[in-house]
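Coordinates as given in structure29.txt (compact mmCIF, C-alpha atoms):
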# COMPACT_ATOMS: atom_id res chain seq x y z
CA MET P 149 41.91 75.89 25.70
CA LYS P 150 43.90 72.71 26.42
CA THR P 151 40.83 71.08 27.94
CA LYS P 152 38.74 71.90 24.88
CA LEU P 153 41.41 70.46 22.59
CA ALA P 154 41.65 67.30 24.71
CA ILE P 155 37.86 66.81 24.58
CA ILE P 156 37.79 67.27 20.80
CA ALA P 157 40.71 64.85 20.35
CA GLY P 158 38.96 62.31 22.58
CA CYS P 159 35.74 62.58 20.59
CA VAL P 160 37.58 62.14 17.28
CA ALA P 161 39.42 59.08 18.66
CA LEU P 162 36.16 57.57 19.93
CA LEU P 163 34.49 58.15 16.58
CA ALA P 164 37.44 56.58 14.73
CA VAL P 165 37.10 53.43 16.85
CA ALA P 166 33.29 53.27 16.74
CA LEU P 167 32.81 53.54 12.96
CA PRO P 168 34.60 50.30 12.00
CA LEU P 169 32.82 48.43 14.78
CA SER P 170 29.42 49.56 13.57
CA ALA P 171 30.24 48.34 10.06
CA HIS P 172 30.78 44.79 11.28
CA HIS P 173 27.72 42.55 11.48
CA SER P 174 26.69 39.59 13.56
CA PHE P 175 25.90 36.16 12.11
CA ALA P 176 22.23 36.52 13.09
CA ALA P 177 21.94 39.84 11.26
CA GLU P 178 22.85 38.34 7.90
CA TYR P 179 22.35 34.56 8.01
CA ASP P 180 19.45 32.30 8.93
CA ASN P 181 20.49 29.41 11.20
CA SER P 182 17.12 27.75 10.54
CA LYS P 183 18.14 27.31 6.87
CA PRO P 184 21.08 24.89 6.77
CA VAL P 185 22.16 23.98 3.27
CA SER P 186 24.71 21.86 1.40
CA ILE P 187 25.48 23.15 -2.07
CA LYS P 188 27.61 21.30 -4.60
CA GLY P 189 29.64 23.18 -7.17
CA LYS P 190 33.08 23.97 -8.57
CA ALA P 191 35.48 26.24 -6.73
CA VAL P 192 36.33 29.45 -8.56
CA LYS P 193 38.54 31.19 -5.99
CA MET P 194 39.11 31.77 -2.30
CA ASP P 195 39.64 35.39 -1.26
CA TRP P 196 41.67 35.53 1.97
CA VAL P 197 40.69 39.05 3.04
CA ASN P 198 39.56 40.90 6.17
CA PRO P 199 37.09 41.24 7.80
CA HIS P 200 35.76 37.97 6.30
CA SER P 201 37.22 35.67 3.67
CA HIS P 202 35.06 34.46 0.78
CA LEU P 203 34.87 31.21 -1.15
CA VAL P 204 33.43 31.81 -4.60
CA PHE P 205 32.02 28.77 -6.41
CA GLU P 206 29.81 28.00 -9.41
CA VAL P 207 26.69 25.88 -9.17
CA THR P 208 24.89 24.29 -12.10
CA THR P 209 21.12 24.47 -11.61
CA PRO P 210 18.74 21.65 -12.66
CA ASP P 211 17.90 23.60 -15.82
CA GLY P 212 21.60 23.77 -16.80
CA LYS P 213 22.27 27.40 -15.91
CA THR P 214 25.36 28.38 -13.93
CA GLU P 215 25.03 30.50 -10.79
CA THR P 216 27.88 32.09 -8.87
CA TRP P 217 27.67 31.61 -5.09
CA THR P 218 29.74 33.19 -2.34
CA ALA P 219 30.36 31.48 0.98
CA GLU P 220 31.56 33.80 3.71
CA THR P 221 34.06 32.49 6.27
CA PRO P 222 36.03 33.92 9.19
CA PRO P 223 39.01 36.18 8.45
CA PRO P 224 42.33 34.71 7.27
CA ASN P 225 43.81 34.41 10.76
CA GLY P 226 40.76 32.45 11.95
CA LEU P 227 40.96 30.10 8.97
CA TYR P 228 44.68 29.61 9.47
CA ARG P 229 44.22 28.77 13.17
CA ALA P 230 41.52 26.27 12.16
CA GLY P 231 43.99 24.49 9.87
CA TRP P 232 42.99 25.99 6.53
CA ARG P 233 45.72 26.95 4.07
CA GLN P 234 45.51 29.07 0.93
CA THR P 235 46.46 26.11 -1.27
CA MET P 236 43.70 23.78 -0.02
CA ILE P 237 40.92 24.90 -2.37
CA LYS P 238 41.86 24.97 -6.04
CA GLY P 239 39.89 26.54 -8.87
CA GLY P 240 37.82 24.00 -10.80
CA GLU P 241 37.75 21.52 -7.91
CA GLU P 242 34.42 19.83 -7.12
CA ILE P 243 33.30 20.86 -3.63
CA THR P 244 30.23 20.79 -1.42
CA VAL P 245 29.86 23.80 0.84
CA ASN P 246 27.84 23.24 4.01
CA GLY P 247 26.46 26.15 5.99
CA PHE P 248 23.55 28.55 6.28
CA LEU P 249 21.74 30.71 3.72
CA SER P 250 21.67 34.48 3.89
CA LYS P 251 18.46 36.13 4.97
CA ASP P 252 18.26 38.35 1.88
CA GLY P 253 17.76 35.48 -0.58
CA THR P 254 20.90 36.18 -2.61
CA ASN P 255 23.49 33.55 -3.55
CA LEU P 256 25.35 34.16 -0.30
CA MET P 257 25.87 31.75 2.55
CA TRP P 258 27.98 31.25 5.67
CA ALA P 259 30.33 28.27 5.27
CA GLN P 260 30.61 25.84 8.18
CA SER P 261 32.58 23.24 6.24
CA VAL P 262 33.75 22.25 2.77
CA ASP P 263 33.71 18.65 1.52
CA PHE P 264 35.96 17.52 -1.33
CA ALA P 265 35.36 14.78 -3.89
CA ASP P 266 38.25 12.75 -2.42
CA GLY P 267 36.55 12.55 1.01
CA ARG P 268 38.41 15.35 2.79
CA ARG P 269 36.48 17.87 4.85
CA ILE P 270 37.66 21.15 6.29
CA THR P 271 35.59 22.83 8.96
CA LEU P 272 35.91 26.02 10.92
CA ASN P 273 37.58 24.07 13.71
CA SER P 274 39.52 21.29 12.07
CA SER P 275 42.35 20.30 9.81
CA PRO P 276 41.47 18.36 6.66
CA GLU P 277 40.84 14.71 7.34
CA PRO P 278 38.77 12.15 5.48
CA VAL P 279 35.10 12.04 6.40
CA LYS P 280 34.47 8.70 8.05
CA ASP P 281 31.33 6.77 7.09
CA GLY P 282 28.55 7.98 9.35
CA GLY P 283 31.03 9.94 11.43
CA ARG P 284 32.27 13.43 11.85
CA GLY P 285 34.83 14.90 9.49
CA GLY P 286 38.07 16.32 10.78
CA ARG P 287 37.87 17.29 14.43
CA GLY P 288 34.33 18.54 14.31
CA GLY P 289 31.26 19.28 12.31
CA PRO P 290 28.34 17.07 11.44
CA PRO P 291 28.49 14.64 8.54
CA ALA P 292 27.77 16.27 5.20
CA GLN P 293 24.15 16.31 4.20
CA PRO P 294 23.24 14.96 0.78
CA PRO P 295 23.96 17.71 -1.75
CA ALA P 296 20.94 19.92 -2.18
CA GLN P 297 20.06 22.02 -5.14
CA PRO P 298 20.16 25.75 -4.50
CA PRO P 299 16.80 27.20 -3.52
CA ALA P 300 14.58 28.46 -6.34
CA GLN P 301 14.95 32.18 -6.82

In structure tokens, how does this file's structure come out?
Amino acid sequence: MKTKLAIIAGCVALLAVALPLSAHHSFAAEYDNSKPVSIKGKAVKMDWVNPHSHLVFEVTTPDGKTETWTAETPPPNGLYRAGWRQTMIKGGEEITVNGFLSKDGTNLMWAQSVDFADGRRITLNSSPEPVKDGGRGGRGGPPAQPPAQPPAQ
């Protein structure tokens, strides 16, 4: 009887560990690294939540419509270790988000870096420093590409 109970408890524990892991996804499952993009818009909010934080921003399309985009980032502890702070991105601030488009064609992307109108750049591995002409911003990341319009839907 004790052996049966131990086996059942072990199975329940294994299932409890396996379910959250299966819910997590890899970058390649959701994003297309062959589709780099730089999208200019205005920050709405930054959600510092697990398992991934989200930067929500509004983009004005060439025809004058406003689209809401979401840029996924690492979890809060990863952002904090990379030098990001919750007060860095303010609502209404002009930003350019650099990263990769989602595979499903929605207004979702993975953020590699964020450029600010004043020349600062924050990346996934740097503290905010001005982007130097022709150089790399912060302690990593390629120079920002010219702002691109969001892809046609």

Quick one: of P:Leu227, P:Ala265, P:Ile243, P:Val185, who's nearest to Pro199 of chain P, counting all atoms listed in the file?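 With all atoms listed in the file as the atom set, the closest residue is P:Leu227.
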
With all atoms listed in the file as the atoms that count, which of P:Pro210, P:Glu220, P:Phe175, P:Asn181 lies nearest to Trp196 of chain P?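 Between P:Pro210, P:Glu220, P:Phe175, P:Asn181, the residue approaching Trp196 of chain P most closely is P:Glu220.
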
8 Å contact set for Tyr179 of chain P, only C-alpha atoms, chain neighbours under 2 positions out, as a compact mmCIF listing (two decimals) with C-alpha atoms, in the coordinates of the input:
# COMPACT_ATOMS: atom_id res chain seq x y z
CA PHE P 175 25.90 36.16 12.11
CA ALA P 176 22.23 36.52 13.09
CA ALA P 177 21.94 39.84 11.26
CA ASN P 181 20.49 29.41 11.20
CA PHE P 248 23.55 28.55 6.28
CA LEU P 249 21.74 30.71 3.72
CA SER P 250 21.67 34.48 3.89
CA LYS P 251 18.46 36.13 4.97
CA MET P 257 25.87 31.75 2.55
CA TRP P 258 27.98 31.25 5.67

What does the distance between atom CA of Gly253 of chain P and atom CA of Ser201 of chain P come to in Å, to one decimal place?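 The value is 19.9 Å.
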
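In this model, the gap between atom CA of Arg268 of chain P and atom CA of Glu178 of chain P comes to 28.2 Å.
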
I'd like the neighbourhood of Lys188 of chain P as a VMD selection string, where a residue qualifies if any of its atoms comes within 7 Å (using all atoms listed in the file), though same-chain residues fewer than 6 positions away should be ignored. chain P and resid 207 243 to 245 295

Have a look at atom CA of Val262 of chain P and atom CA of Gly247 of chain P and let me know their distance in Å, one decimal.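 Going from atom CA of Val262 of chain P over to atom CA of Gly247 of chain P, I get 8.9 Å.
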
Here is a test: counting all atoms listed in the file, which residue of P:Ser261, P:Thr235, P:Thr209, P:Asn246 is nearest to Lys183 of chain P?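 So, comparing all the options, the nearest one is P:Asn246.
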